[in-house]
>>> print(open('my_file-v5.tsv').read())   # TSV, C-alpha atoms
chain	number	residue	atom	x	y	z
A	24	MET	CA	20.04	-51.54	-4.88
A	25	ARG	CA	19.86	-52.40	-1.17
A	26	LYS	CA	19.11	-49.45	1.06
A	27	ILE	CA	21.49	-48.46	3.84
A	28	LYS	CA	19.62	-49.11	7.10
A	29	ILE	CA	20.08	-46.56	9.87
A	30	LEU	CA	18.88	-47.06	13.45
A	31	GLN	CA	18.13	-43.76	15.19
A	32	PHE	CA	18.50	-44.14	18.96
A	33	THR	CA	16.47	-42.55	20.53
A	34	ILE	CA	13.61	-40.20	19.75
A	35	SER	CA	10.82	-39.02	22.04
A	36	ASN	CA	7.29	-37.71	21.91
A	37	ALA	CA	8.47	-34.45	23.47
A	38	ARG	CA	10.15	-33.63	20.14
A	39	GLY	CA	13.18	-32.00	21.70
A	40	GLY	CA	16.16	-30.82	19.71
A	41	ASP	CA	17.62	-34.30	19.13
A	42	THR	CA	14.28	-35.67	17.91
A	43	GLN	CA	13.79	-32.62	15.71
A	44	TYR	CA	17.26	-33.18	14.28
A	45	VAL	CA	16.47	-36.79	13.35
A	46	LEU	CA	13.06	-36.03	11.84
A	47	GLN	CA	14.43	-33.16	9.79
A	48	ASN	CA	17.18	-35.39	8.41
A	49	TRP	CA	14.63	-38.05	7.50
A	50	LYS	CA	12.57	-35.45	5.66
A	51	PHE	CA	15.45	-34.54	3.34
A	52	ILE	CA	17.57	-37.66	3.03
A	53	ASP	CA	17.53	-39.69	-0.21
A	54	LYS	CA	14.90	-42.31	0.63
A	55	ASN	CA	15.90	-44.38	-2.39
A	56	ARG	CA	19.26	-45.00	-0.74
A	57	PHE	CA	18.57	-44.82	2.99
A	58	GLN	CA	16.05	-46.27	5.42
A	59	PHE	CA	15.54	-44.93	8.93
A	60	ASP	CA	14.20	-47.03	11.81
A	61	PHE	CA	13.69	-45.54	15.24
A	62	VAL	CA	14.03	-46.52	18.90
A	63	THR	CA	11.99	-44.75	21.56
A	64	ALA	CA	11.40	-45.05	25.28
A	65	SER	CA	8.15	-43.07	24.90
A	66	LYS	CA	4.96	-45.11	25.19
A	67	THR	CA	3.52	-43.46	22.09
A	68	LEU	CA	4.65	-41.08	19.36
A	69	ASP	CA	2.15	-38.57	18.02
A	70	PHE	CA	3.88	-38.74	14.64
A	71	SER	CA	4.25	-42.56	14.45
A	72	GLN	CA	1.71	-43.06	11.67
A	73	GLU	CA	3.55	-40.63	9.43
A	74	LEU	CA	6.82	-42.51	9.91
A	75	THR	CA	5.40	-46.01	9.44
A	76	ALA	CA	3.54	-44.87	6.31
A	77	GLN	CA	6.94	-43.94	4.89
A	78	GLY	CA	8.34	-47.41	5.56
A	79	CYS	CA	10.04	-46.73	8.88
A	80	LYS	CA	9.93	-49.18	11.77
A	81	ILE	CA	9.58	-47.94	15.34
A	82	HIS	CA	11.01	-50.03	18.18
A	83	TYR	CA	9.34	-49.27	21.53
A	84	LEU	CA	11.46	-50.08	24.57
A	85	SER	CA	9.63	-51.41	27.62
A	86	CYS	CA	12.29	-50.18	30.06
A	87	ARG	CA	15.55	-48.29	30.34
A	88	ALA	CA	18.94	-49.86	31.01
A	89	ASN	CA	19.08	-48.57	34.60
A	90	ASP	CA	15.62	-49.98	35.36
A	91	ASN	CA	16.09	-53.53	34.10
A	92	GLU	CA	19.44	-54.26	32.46
A	93	VAL	CA	18.58	-57.85	31.56
A	94	GLN	CA	15.33	-56.96	29.78
A	95	PHE	CA	16.90	-53.90	28.14
A	96	THR	CA	19.80	-55.99	26.82
A	97	LYS	CA	17.38	-58.56	25.43
A	98	GLU	CA	15.36	-55.90	23.60
A	99	ILE	CA	18.42	-54.14	22.16
A	100	ASN	CA	19.84	-57.43	20.89
A	101	GLN	CA	16.51	-58.22	19.24
A	102	ILE	CA	16.63	-54.85	17.51
A	103	LEU	CA	20.23	-55.34	16.39
A	104	ASP	CA	19.26	-58.74	14.97
A	105	GLU	CA	17.57	-56.84	12.15
A	106	GLY	CA	20.95	-55.89	10.75
A	107	TYR	CA	21.68	-52.15	10.67
A	108	ASP	CA	24.48	-50.58	8.66
A	109	ALA	CA	24.72	-47.66	11.07
A	110	ILE	CA	23.49	-46.81	14.54
A	111	HIS	CA	23.12	-43.12	15.33
A	112	LEU	CA	23.09	-42.60	19.10
A	113	HIS	CA	21.67	-39.21	20.11
A	114	THR	CA	22.90	-38.38	23.59
A	115	SER	CA	22.59	-35.46	26.00
A	116	TYR	CA	24.41	-36.98	28.98
A	117	TRP	CA	25.82	-40.29	30.16
A	118	THR	CA	23.92	-42.77	32.31
A	119	GLY	CA	26.04	-45.63	30.98
A	120	PHE	CA	26.96	-46.98	27.56
A	121	LEU	CA	25.31	-50.37	27.40
A	122	VAL	CA	23.96	-49.79	23.88
A	123	GLU	CA	27.42	-48.79	22.67
A	124	LYS	CA	28.88	-51.89	24.30
A	125	LEU	CA	26.31	-54.20	22.70
A	126	ALA	CA	26.81	-52.59	19.28
A	127	TYR	CA	30.58	-53.07	19.64
A	128	GLU	CA	30.20	-56.71	20.64
A	129	ARG	CA	27.89	-57.27	17.68
A	130	ASN	CA	30.46	-55.73	15.32
A	131	CYS	CA	28.08	-53.02	14.08
A	132	PRO	CA	29.99	-51.39	11.22
A	133	ASN	CA	29.14	-47.73	11.91
A	134	VAL	CA	28.33	-46.46	15.41
A	135	ILE	CA	27.83	-42.68	15.60
A	136	ILE	CA	27.78	-41.10	19.07
A	137	HIS	CA	26.29	-37.61	18.85
A	138	SER	CA	26.17	-34.99	21.62
A	139	HIS	CA	23.17	-32.65	21.62
A	140	ASN	CA	23.41	-30.70	24.90
A	141	THR	CA	25.68	-29.24	27.56
A	142	MET	CA	23.95	-29.99	30.86
A	143	ILE	CA	21.19	-32.08	32.46
A	144	ASP	CA	17.68	-30.69	32.25
A	145	GLN	CA	16.56	-31.50	35.78
A	146	SER	CA	14.86	-28.82	37.90
A	147	ASN	CA	15.48	-30.61	41.21
A	148	LEU	CA	18.94	-29.52	42.38
A	149	GLN	CA	19.78	-32.69	44.29
A	150	LYS	CA	18.76	-34.97	41.44
A	151	ARG	CA	20.62	-32.78	38.94
A	152	GLU	CA	23.81	-32.96	41.00
A	153	GLU	CA	23.46	-36.75	41.28
A	154	CYS	CA	22.99	-37.04	37.51
A	155	ILE	CA	26.00	-34.81	36.84
A	156	ALA	CA	28.20	-36.91	39.12
A	157	ASN	CA	27.05	-40.07	37.34
A	158	HIS	CA	27.61	-38.43	33.94
A	159	GLU	CA	31.16	-37.43	34.85
A	160	HIS	CA	31.90	-40.94	36.11
A	161	TYR	CA	30.93	-42.55	32.80
A	162	LYS	CA	32.36	-39.79	30.60
A	163	HIS	CA	35.90	-40.54	31.74
A	164	LYS	CA	35.44	-44.26	31.15
A	165	LEU	CA	34.04	-44.23	27.61
A	166	PRO	CA	36.11	-46.70	25.53
A	167	LEU	CA	37.30	-45.12	22.29
A	168	GLU	CA	36.49	-48.30	20.37
A	169	TYR	CA	32.77	-48.04	21.23
A	170	GLY	CA	32.26	-45.42	18.54
A	171	THR	CA	33.35	-45.25	14.92
A	172	LYS	CA	32.29	-41.59	14.64
A	173	PHE	CA	31.97	-38.95	17.37
A	174	CYS	CA	29.82	-35.90	16.63
A	175	ALA	CA	28.38	-32.87	18.38
A	176	CYS	CA	26.16	-29.91	17.54
A	177	SER	CA	28.71	-27.45	18.98
A	178	ARG	CA	32.11	-27.31	20.64
A	179	LEU	CA	30.53	-26.92	24.08
A	180	ALA	CA	28.38	-30.00	23.47
A	181	ALA	CA	31.51	-31.92	22.47
A	182	ASP	CA	33.31	-30.87	25.65
A	183	TRP	CA	30.33	-31.82	27.80
A	184	LEU	CA	29.83	-35.35	26.48
A	185	PHE	CA	33.34	-36.43	25.53
A	186	GLY	CA	35.64	-34.42	27.80
A	187	GLU	CA	39.28	-35.32	27.28
A	188	GLN	CA	38.41	-38.96	26.71
A	189	ILE	CA	37.90	-38.48	22.96
A	190	PRO	CA	40.54	-36.49	21.02
A	191	ARG	CA	39.17	-33.19	19.66
A	192	ARG	CA	40.29	-34.06	16.15
A	193	ARG	CA	38.06	-37.16	16.24
A	194	ILE	CA	34.89	-35.14	16.97
A	195	GLN	CA	33.00	-33.68	14.01
A	196	ILE	CA	30.60	-30.74	14.38
A	197	LEU	CA	27.28	-31.47	12.66
A	198	HIS	CA	25.09	-28.39	12.25
A	199	ASN	CA	21.49	-28.29	13.46
A	200	ALA	CA	20.42	-27.29	9.98
A	201	ILE	CA	16.89	-26.17	9.02
A	202	ASP	CA	14.51	-26.15	6.07
A	203	LEU	CA	15.60	-22.65	5.19
A	204	PRO	CA	12.86	-21.51	2.73
A	205	LEU	CA	10.20	-22.16	5.40
A	206	TYR	CA	11.72	-19.54	7.69
A	207	SER	CA	12.81	-16.83	5.24
A	208	PHE	CA	11.39	-13.43	6.15
A	209	SER	CA	8.02	-12.72	4.53
A	210	PRO	CA	6.30	-9.34	5.05
A	211	ALA	CA	3.07	-10.83	3.65
A	212	VAL	CA	3.00	-13.69	6.15
A	213	ARG	CA	3.91	-11.28	8.95
A	214	LYS	CA	0.97	-9.03	8.11
A	215	GLU	CA	-1.45	-11.97	7.85
A	216	TYR	CA	-0.44	-13.57	11.15
A	217	ARG	CA	-0.40	-10.33	13.12
A	218	GLN	CA	-3.89	-9.58	11.91
A	219	ASN	CA	-5.15	-13.10	12.62
A	220	TRP	CA	-3.76	-13.09	16.16
A	221	GLY	CA	-4.83	-9.54	16.99
A	222	LEU	CA	-1.26	-8.25	17.18
A	223	ASP	CA	-1.51	-5.17	14.99
A	224	GLY	CA	0.09	-2.26	16.83
A	225	CYS	CA	1.69	-4.56	19.42
A	226	PHE	CA	5.33	-4.98	20.36
A	227	VAL	CA	5.66	-8.76	20.29
A	228	LEU	CA	8.32	-10.72	22.15
A	229	GLY	CA	8.55	-14.43	21.41
A	230	HIS	CA	10.07	-17.61	22.80
A	231	ILE	CA	10.14	-21.22	21.55
A	232	GLY	CA	10.99	-24.11	23.83
A	233	ARG	CA	9.66	-26.77	26.14
A	234	PHE	CA	8.71	-25.59	29.63
A	235	THR	CA	11.69	-27.09	31.43
A	236	TYR	CA	14.46	-25.96	33.75
A	237	GLN	CA	16.83	-25.52	30.80
A	238	LYS	CA	14.76	-22.93	28.94
A	239	ASN	CA	14.32	-20.61	31.95
A	240	HIS	CA	10.77	-19.43	31.22
A	241	SER	CA	10.58	-17.75	34.61
A	242	MET	CA	13.28	-15.28	33.61
A	243	CYS	CA	11.68	-14.87	30.21
A	244	PHE	CA	8.40	-13.79	31.79
A	245	GLU	CA	10.11	-11.51	34.32
A	246	ILE	CA	11.84	-9.73	31.42
A	247	PHE	CA	8.51	-9.31	29.67
A	248	ARG	CA	6.79	-8.07	32.83
A	249	LYS	CA	9.28	-5.22	33.16
A	250	VAL	CA	9.12	-4.41	29.46
A	251	TYR	CA	5.32	-4.26	29.72
A	252	GLN	CA	5.63	-1.64	32.47
A	253	LYS	CA	7.26	0.62	29.88
A	254	PHE	CA	5.25	-0.53	26.86
A	255	PRO	CA	1.64	-1.52	27.67
A	256	HIS	CA	1.23	-2.59	24.04
A	257	ALA	CA	3.87	-5.31	24.55
A	258	ARG	CA	2.81	-8.96	24.19
A	259	LEU	CA	4.60	-12.25	24.85
A	260	ILE	CA	4.18	-15.40	22.73
A	261	LEU	CA	5.29	-18.70	24.28
A	262	ILE	CA	5.43	-21.70	21.92
A	263	GLY	CA	5.82	-25.17	23.41
A	264	ASP	CA	4.61	-27.26	26.32
A	265	GLY	CA	6.24	-29.12	29.18
A	266	GLU	CA	6.31	-30.02	32.82
A	267	LEU	CA	6.78	-26.47	34.16
A	268	GLU	CA	4.04	-24.82	32.10
A	269	THR	CA	1.61	-24.79	35.04
A	270	ASN	CA	4.18	-22.93	37.17
A	271	ILE	CA	4.67	-20.25	34.52
A	272	ARG	CA	0.92	-19.87	34.00
A	273	GLN	CA	0.57	-19.28	37.74
A	274	GLN	CA	3.36	-16.69	37.62
A	275	VAL	CA	1.56	-14.89	34.80
A	276	LYS	CA	-1.78	-15.05	36.62
A	277	GLU	CA	-0.34	-13.61	39.82
A	278	SER	CA	1.03	-10.69	37.81
A	279	GLY	CA	-2.37	-9.97	36.26
A	280	LEU	CA	-1.01	-10.31	32.72
A	281	GLU	CA	-3.00	-13.30	31.48
A	282	SER	CA	-4.43	-11.32	28.56
A	283	LYS	CA	-0.93	-10.17	27.52
A	284	VAL	CA	0.79	-13.57	27.38
A	285	MET	CA	-0.15	-16.15	24.75
A	286	PHE	CA	0.51	-19.82	25.57
A	287	LEU	CA	0.32	-21.48	22.16
A	288	GLY	CA	1.52	-25.02	23.02
A	289	LYS	CA	2.95	-27.27	20.31
A	290	ARG	CA	2.54	-25.72	16.89
A	291	SER	CA	3.03	-26.84	13.30
A	292	ASP	CA	3.16	-23.22	12.06
A	293	VAL	CA	6.25	-22.03	13.93
A	294	PRO	CA	7.82	-20.54	10.76
A	295	GLN	CA	4.75	-18.33	10.28
A	296	LEU	CA	4.55	-17.34	13.94
A	297	LEU	CA	8.18	-16.22	13.86
A	298	GLN	CA	7.21	-13.73	11.16
A	299	ALA	CA	4.69	-12.14	13.53
A	300	ILE	CA	7.23	-11.67	16.34
A	301	ASP	CA	9.35	-8.52	16.75
A	302	LEU	CA	12.09	-9.82	19.08
A	303	PHE	CA	13.11	-13.35	19.98
A	304	LEU	CA	14.19	-14.20	23.56
A	305	LEU	CA	16.09	-17.30	24.66
A	306	PRO	CA	17.36	-16.86	28.25
A	307	SER	CA	18.40	-20.52	28.54
A	308	ARG	CA	20.50	-21.78	31.41
A	309	PHE	CA	22.39	-23.99	28.93
A	310	GLU	CA	22.10	-25.24	25.34
A	311	GLY	CA	23.84	-27.51	22.88
A	312	LEU	CA	23.01	-25.38	19.89
A	313	PRO	CA	19.30	-24.50	19.77
A	314	PHE	CA	17.29	-24.94	16.60
A	315	SER	CA	15.08	-22.07	17.70
A	316	LEU	CA	17.92	-19.54	17.44
A	317	ILE	CA	18.79	-20.73	13.94
A	318	GLU	CA	15.13	-20.52	12.91
A	319	ALA	CA	14.65	-17.07	14.45
A	320	GLN	CA	17.77	-15.69	12.76
A	321	ALA	CA	16.61	-17.17	9.45
A	322	ALA	CA	13.36	-15.24	9.91
A	323	GLY	CA	15.36	-12.02	10.16
A	324	LEU	CA	14.59	-11.54	13.85
A	325	LYS	CA	16.72	-9.69	16.33
A	326	CYS	CA	17.54	-12.31	18.98
A	327	PHE	CA	18.77	-12.13	22.55
A	328	THR	CA	20.25	-15.11	24.36
A	329	THR	CA	22.52	-15.85	27.31
A	330	THR	CA	26.28	-16.20	27.33
A	331	ALA	CA	25.69	-19.88	28.23
A	332	VAL	CA	24.79	-20.51	24.59
A	333	SER	CA	27.64	-21.50	22.27
A	334	ALA	CA	29.24	-18.74	20.21
A	335	GLU	CA	28.63	-20.92	17.14
A	336	ALA	CA	24.94	-19.97	17.34
A	337	LYS	CA	25.73	-16.43	16.16
A	338	ILE	CA	25.12	-16.69	12.43
A	339	THR	CA	23.75	-13.21	11.73
A	340	PRO	CA	24.53	-9.78	13.22
A	341	ASN	CA	21.04	-9.85	14.79
A	342	LEU	CA	22.01	-12.21	17.62
A	343	GLU	CA	23.24	-10.67	20.87
A	344	TYR	CA	24.56	-12.43	23.98
A	345	LEU	CA	23.53	-11.03	27.35
A	346	SER	CA	24.21	-11.90	30.98
A	347	GLY	CA	21.70	-13.37	33.42
A	348	ASN	CA	20.81	-9.88	34.62
A	349	VAL	CA	17.15	-9.10	33.88
A	350	SER	CA	17.76	-5.35	33.83
A	351	GLU	CA	20.35	-5.71	31.06
A	352	TRP	CA	17.83	-7.64	28.96
A	353	VAL	CA	15.12	-5.06	29.53
A	354	ASP	CA	17.44	-2.17	28.59
A	355	ARG	CA	18.49	-3.84	25.33
A	356	ILE	CA	14.92	-4.75	24.43
A	357	LEU	CA	13.75	-1.19	25.02
A	358	GLN	CA	16.55	0.08	22.80
A	359	ALA	CA	15.52	-2.34	20.06
A	360	ALA	CA	11.87	-1.34	20.36
A	361	ASP	CA	12.53	1.58	18.01
A	362	GLY	CA	12.90	-0.96	15.21
A	363	TYR	CA	15.71	-2.46	13.16
A	364	ASP	CA	16.39	-3.49	9.59
A	365	ARG	CA	14.63	-6.84	9.30
A	366	THR	CA	15.60	-8.41	6.02
A	367	GLY	CA	16.26	-11.86	4.65
A	368	SER	CA	19.11	-13.82	6.22
A	369	ASP	CA	19.31	-16.72	3.76
A	370	CYS	CA	22.84	-15.87	2.71
A	371	PHE	CA	24.14	-15.91	6.29
A	372	ILE	CA	22.42	-19.21	7.10
A	373	THR	CA	23.64	-20.91	3.92
A	374	GLN	CA	27.24	-19.73	4.27
A	375	ALA	CA	27.36	-20.95	7.87
A	376	GLY	CA	26.21	-24.42	6.79
A	377	TYR	CA	22.74	-24.41	8.33
A	378	ASP	CA	20.72	-25.00	5.17
A	379	LEU	CA	19.55	-28.61	5.46
A	380	ARG	CA	19.50	-29.10	1.71
A	381	GLN	CA	23.28	-28.81	1.82
A	382	GLN	CA	23.91	-30.40	5.21
A	383	ILE	CA	22.03	-33.58	4.30
A	384	LYS	CA	24.72	-34.42	1.76
A	385	LEU	CA	27.21	-34.60	4.61
A	386	ILE	CA	24.84	-36.78	6.64
A	387	GLU	CA	24.50	-39.17	3.70
A	388	LYS	CA	28.28	-39.51	3.54
A	389	LEU	CA	28.36	-40.13	7.28
A	390	TYR	CA	25.81	-42.94	7.03
A	391	SER	CA	27.65	-44.44	4.08
A	392	GLY	CA	30.71	-44.87	6.27
A	393	GLN	CA	32.75	-42.26	4.41
A	394	ASP	CA	35.29	-39.93	5.99
A	395	ILE	CA	33.67	-36.52	6.58
A	396	SER	CA	36.64	-34.86	8.28
A	397	ARG	CA	37.33	-32.70	5.22
A	398	ASP	CA	33.72	-31.62	4.92
A	399	CYS	CA	33.05	-30.21	8.38
A	400	LEU	CA	34.86	-28.67	11.32
A	401	SER	CA	36.26	-30.84	14.08
A	402	ALA	CA	35.75	-29.82	17.71
A	403	ALA	CA	39.37	-28.70	17.71
A	404	ASP	CA	38.88	-26.53	14.60
A	405	SER	CA	35.83	-24.83	16.07
A	406	CYS	CA	37.90	-23.57	19.00
A	407	GLU	CA	39.85	-21.27	16.71
>>> encode(input="my_file-v5.tsv", output="structure tokens")
Amino acid sequence: MRKIKILQFTISNARGGDTQYVLQNWKFIDKNRFQFDFVTASKTLDFSQELTAQGCKIHYLSCRANDNEVQFTKEINQILDEGYDAIHLHTSYWTGFLVEKLAYERNCPNVIIHSHNTMIDQSNLQKREECIANHEHYKHKLPLEYGTKFCACSRLAADWLFGEQIPRRRIQILHNAIDLPLYSFSPAVRKEYRQNWGLDGCFVLGHIGRFTYQKNHSMCFEIFRKVYQKFPHARLILIGDGELETNIRQQVKESGLESKVMFLGKRSDVPQLLQAIDLFLLPSRFEGLPFSLIEAQAAGLKCFTTTAVSAEAKITPNLEYLSGNVSEWVDRILQAADGYDRTGSDCFITQAGYDLRQQIKLIEKLYSGQDISRDCLSAADSCE
């Protein structure tokens, strides 16, 4: 039987939420029926050997559409010449829709446009405003015929990418599902990791995310600094890397708390590290629907995030939404320092549709060209 060929456009070496989404789906999809190939604008991918060993092809772009439209068009057409049954376009904001246009002109049978965020992750205010203006310009001009399926990780992400241009009923919400058993609460793993990292007797706050404008690490550290003033046994674990890491390290150094903050970089043992944490903090300026909050809730953690994060992220009673006021965060963290009932959350995660073993069945239907409207919420439904 011929496999259904899916082109994933695009992934990156930074392994952000959209790349994580694609790689997780590849891990669980029926490889006897489906083949994934990938497009990337990154020069290299740290995980490329793993993908190619599994029969995947990686297409490396030499430029972006805005840099050299002629060369970009040539490369995309060469990729499309390989004959894909579906193209899954993972998008955070609009800079144009040349790929969608080319796929339409080539009569690609299944073009999935998928929104993964709600703002532009650019720390420079002027550049961010320019990008937003450009995004809004293209958003209102997106031809409906350029996509056969329109998807988003949350209602807010749907609103951001599609606006009023695409009817709400046409947009399907696809959950950022996780490998649930990896994250289930384990007292044994918690004990082991706290011992190994010298955290016994500590009050551990944790955060996962790239060091970018979006994730708001500066606020995260300021919250910790004030908590530490009350609880000298408090510690902060930061998992991830990124362009603003040096700035945050300098902020920590100037506060004299270098020995209290752990910069762990990229990690392959995030599920285990979540067990060692006591409270999870995500003071993001914006989000589509963050994997990290799903993972932290699955680990039974009490989580605090901002009101900028979609209400759909609240899967367990342990997630609380707070304002951008640091004092409010500190007060709630101090109240939670007395402890809480940390138990397994598998039932909550599964019922909400965030167990990837279930969600992958929906993805397989999507790639097969089947109607999934009865299997998942539309953007309109999720408003209710």
>>> atom_distance(input="my_file-v5.tsv", atom1="atom CA of Arg213 of chain A", atom2="atom CA of Leu316 of chain A")
18.3 Å
>>> residues_near_point(input="my_file-v5.tsv", point="(35.2, -27.5, 16.0)", cutoff="12 Å", atoms="only C-alpha atoms", output="JSON list (two decimals) with C-alpha atoms, in the frame of the given file")
[["chain", "number", "residue", "atom", "x", "y", "z"],
["A", 173, "PHE", "CA", 31.97, -38.95, 17.37],
["A", 174, "CYS", "CA", 29.82, -35.90, 16.63],
["A", 175, "ALA", "CA", 28.38, -32.87, 18.38],
["A", 176, "CYS", "CA", 26.16, -29.91, 17.54],
["A", 177, "SER", "CA", 28.71, -27.45, 18.98],
["A", 178, "ARG", "CA", 32.11, -27.31, 20.64],
["A", 179, "LEU", "CA", 30.53, -26.92, 24.08],
["A", 180, "ALA", "CA", 28.38, -30.00, 23.47],
["A", 181, "ALA", "CA", 31.51, -31.92, 22.47],
["A", 182, "ASP", "CA", 33.31, -30.87, 25.65],
["A", 190, "PRO", "CA", 40.54, -36.49, 21.02],
["A", 191, "ARG", "CA", 39.17, -33.19, 19.66],
["A", 192, "ARG", "CA", 40.29, -34.06, 16.15],
["A", 193, "ARG", "CA", 38.06, -37.16, 16.24],
["A", 194, "ILE", "CA", 34.89, -35.14, 16.97],
["A", 195, "GLN", "CA", 33.00, -33.68, 14.01],
["A", 196, "ILE", "CA", 30.60, -30.74, 14.38],
["A", 197, "LEU", "CA", 27.28, -31.47, 12.66],
["A", 198, "HIS", "CA", 25.09, -28.39, 12.25],
["A", 333, "SER", "CA", 27.64, -21.50, 22.27],
["A", 334, "ALA", "CA", 29.24, -18.74, 20.21],
["A", 335, "GLU", "CA", 28.63, -20.92, 17.14],
["A", 396, "SER", "CA", 36.64, -34.86, 8.28],
["A", 398, "ASP", "CA", 33.72, -31.62, 4.92],
["A", 399, "CYS", "CA", 33.05, -30.21, 8.38],
["A", 400, "LEU", "CA", 34.86, -28.67, 11.32],
["A", 401, "SER", "CA", 36.26, -30.84, 14.08],
["A", 402, "ALA", "CA", 35.75, -29.82, 17.71],
["A", 403, "ALA", "CA", 39.37, -28.70, 17.71],
["A", 404, "ASP", "CA", 38.88, -26.53, 14.60],
["A", 405, "SER", "CA", 35.83, -24.83, 16.07],
["A", 406, "CYS", "CA", 37.90, -23.57, 19.00],
["A", 407, "GLU", "CA", 39.85, -21.27, 16.71]]
>>> closest_residue(input="my_file-v5.tsv", among="A:His240, A:Thr366, A:Thr328, A:His163", to="Tyr206 of chain A", atoms="all atoms listed in the file")
A:Thr366
>>> atom_distance(input="my_file-v5.tsv", atom1="atom CA of Ile52 of chain A", atom2="atom CA of Glu310 of chain A")
25.9 Å
>>> residues_around(input="my_file-v5.tsv", residues="Leu385 of chain A", least_positions_apart="4", cutoff="10 Å", atoms="only C-alpha atoms", output="PyMOL selection string")
chain A and resi 197+379-381+389-391+393-395+398-399
>>> residues_around(input="my_file-v5.tsv", residues="segment 70-84 of chain A", least_positions_apart="3", cutoff="9 Å", atoms="all atoms listed in the file", output="list in words")
Asn36, Gln58, Phe59, Asp60, Phe61, Val62, Thr63, Ala64, Ser65, Lys66, Thr67, Arg87, Phe95, Glu98, Ile99 and Ile102 of chain A
>>> atom_distance(input="my_file-v5.tsv", atom1="atom CA of Lys162 of chain A", atom2="atom CA of Glu387 of chain A")
28.0 Å
>>> residues_around(input="my_file-v5.tsv", residues="Cys225 of chain A", least_positions_apart="2", cutoff="8 Å", atoms="only C-alpha atoms", output="number ranges by chain")
A: 222-223, 227, 256-258
>>> write_last_selection(input="my_file-v5.tsv", atoms="C-alpha atoms", output="PDB file, in the frame of the given file")
ATOM      1  CA  LEU A 222      -1.260  -8.250  17.180  1.00  0.00           C
ATOM      2  CA  ASP A 223      -1.510  -5.170  14.990  1.00  0.00           C
ATOM      3  CA  VAL A 227       5.660  -8.760  20.290  1.00  0.00           C
ATOM      4  CA  HIS A 256       1.230  -2.590  24.040  1.00  0.00           C
ATOM      5  CA  ALA A 257       3.870  -5.310  24.550  1.00  0.00           C
ATOM      6  CA  ARG A 258       2.810  -8.960  24.190  1.00  0.00           C
TER       7      ARG A 258
END
>>> residues_around(input="my_file-v5.tsv", residues="segment 120-135 of chain A", least_positions_apart="4", cutoff="10 Å", atoms="only C-alpha atoms", output="PyMOL selection string")
chain A and resi 29-32+88-89+92+95-96+99-100+103-104+106-113+161-162+164-166+168-174+389-393
>>> residues_around(input="my_file-v5.tsv", residues="Ile300 of chain A", least_positions_apart="4", cutoff="7 Å", atoms="all atoms listed in the file", output="count of residues only")
4
>>> closest_atom_pairs(input="my_file-v5.tsv", of="segment 212-302 of chain A", to="segment 311-315 of chain A", cutoff="10 Å", atoms="all atoms listed in the file", output="CSV")
residue,atom,partner,partner_atom,distance
A:His230,CA,A:Ser315,CA,8.4
A:Ile231,CA,A:Ser315,CA,6.3
A:Gly232,CA,A:Ser315,CA,7.6
A:Val293,CA,A:Ser315,CA,9.6
A:Leu297,CA,A:Ser315,CA,9.8
>>> closest_residue(input="my_file-v5.tsv", among="A:Phe234, A:Tyr216, A:Phe286, A:Trp352", to="Arg248 of chain A", atoms="all atoms listed in the file")
A:Trp352
>>> closest_residue(input="my_file-v5.tsv", among="A:Ala359, A:Lys249, A:Gln188, A:Asp202", to="Trp49 of chain A", atoms="only C-alpha atoms")
A:Asp202
>>> residues_near_point(input="my_file-v5.tsv", point="(24.3, -46.7, 1.6)", cutoff="6 Å", atoms="only C-alpha atoms", output="ChimeraX atom specification")
/A:26-27,56,391
>>> closest_atom_pairs(input="my_file-v5.tsv", of="segment 113-213 of chain A", to="segment 260-282 of chain A", cutoff="12 Å", atoms="all atoms listed in the file", output="Markdown table")
| residue | atom | partner | partner_atom | distance |
| --- | --- | --- | --- | --- |
| A:Asp144 | CA | A:Glu266 | CA | 11.4 |
| A:Gln145 | CA | A:Glu266 | CA | 10.8 |
| A:Ser146 | CA | A:Leu267 | CA | 9.2 |
| A:Asn147 | CA | A:Leu267 | CA | 11.9 |
>>> decode(input="my_file-v5.tsv", residues="segment 302-319 of chain A", atoms="C-alpha atoms", output="compact mmCIF listing (two decimals), in the first residue's frame")
# COMPACT_ATOMS: atom_id res chain seq x y z
CA LEU A 302 5.36 25.36 41.30
CA PHE A 303 5.36 26.12 37.59
CA LEU A 304 5.49 29.74 36.36
CA LEU A 305 4.63 30.97 32.86
CA PRO A 306 4.31 34.78 32.84
CA SER A 307 4.16 34.95 29.03
CA ARG A 308 3.22 38.11 27.20
CA PHE A 309 1.23 35.97 24.74
CA GLU A 310 0.79 32.31 23.75
CA GLY A 311 -1.04 30.15 21.26
CA LEU A 312 -1.50 27.28 23.66
CA PRO A 313 1.78 26.33 25.36
CA PHE A 314 2.91 22.72 25.52
CA SER A 315 4.69 23.52 28.77
CA LEU A 316 1.43 24.25 30.60
CA ILE A 317 -0.09 20.98 29.41
CA GLU A 318 3.04 19.09 30.48
CA ALA A 319 3.19 20.80 33.88
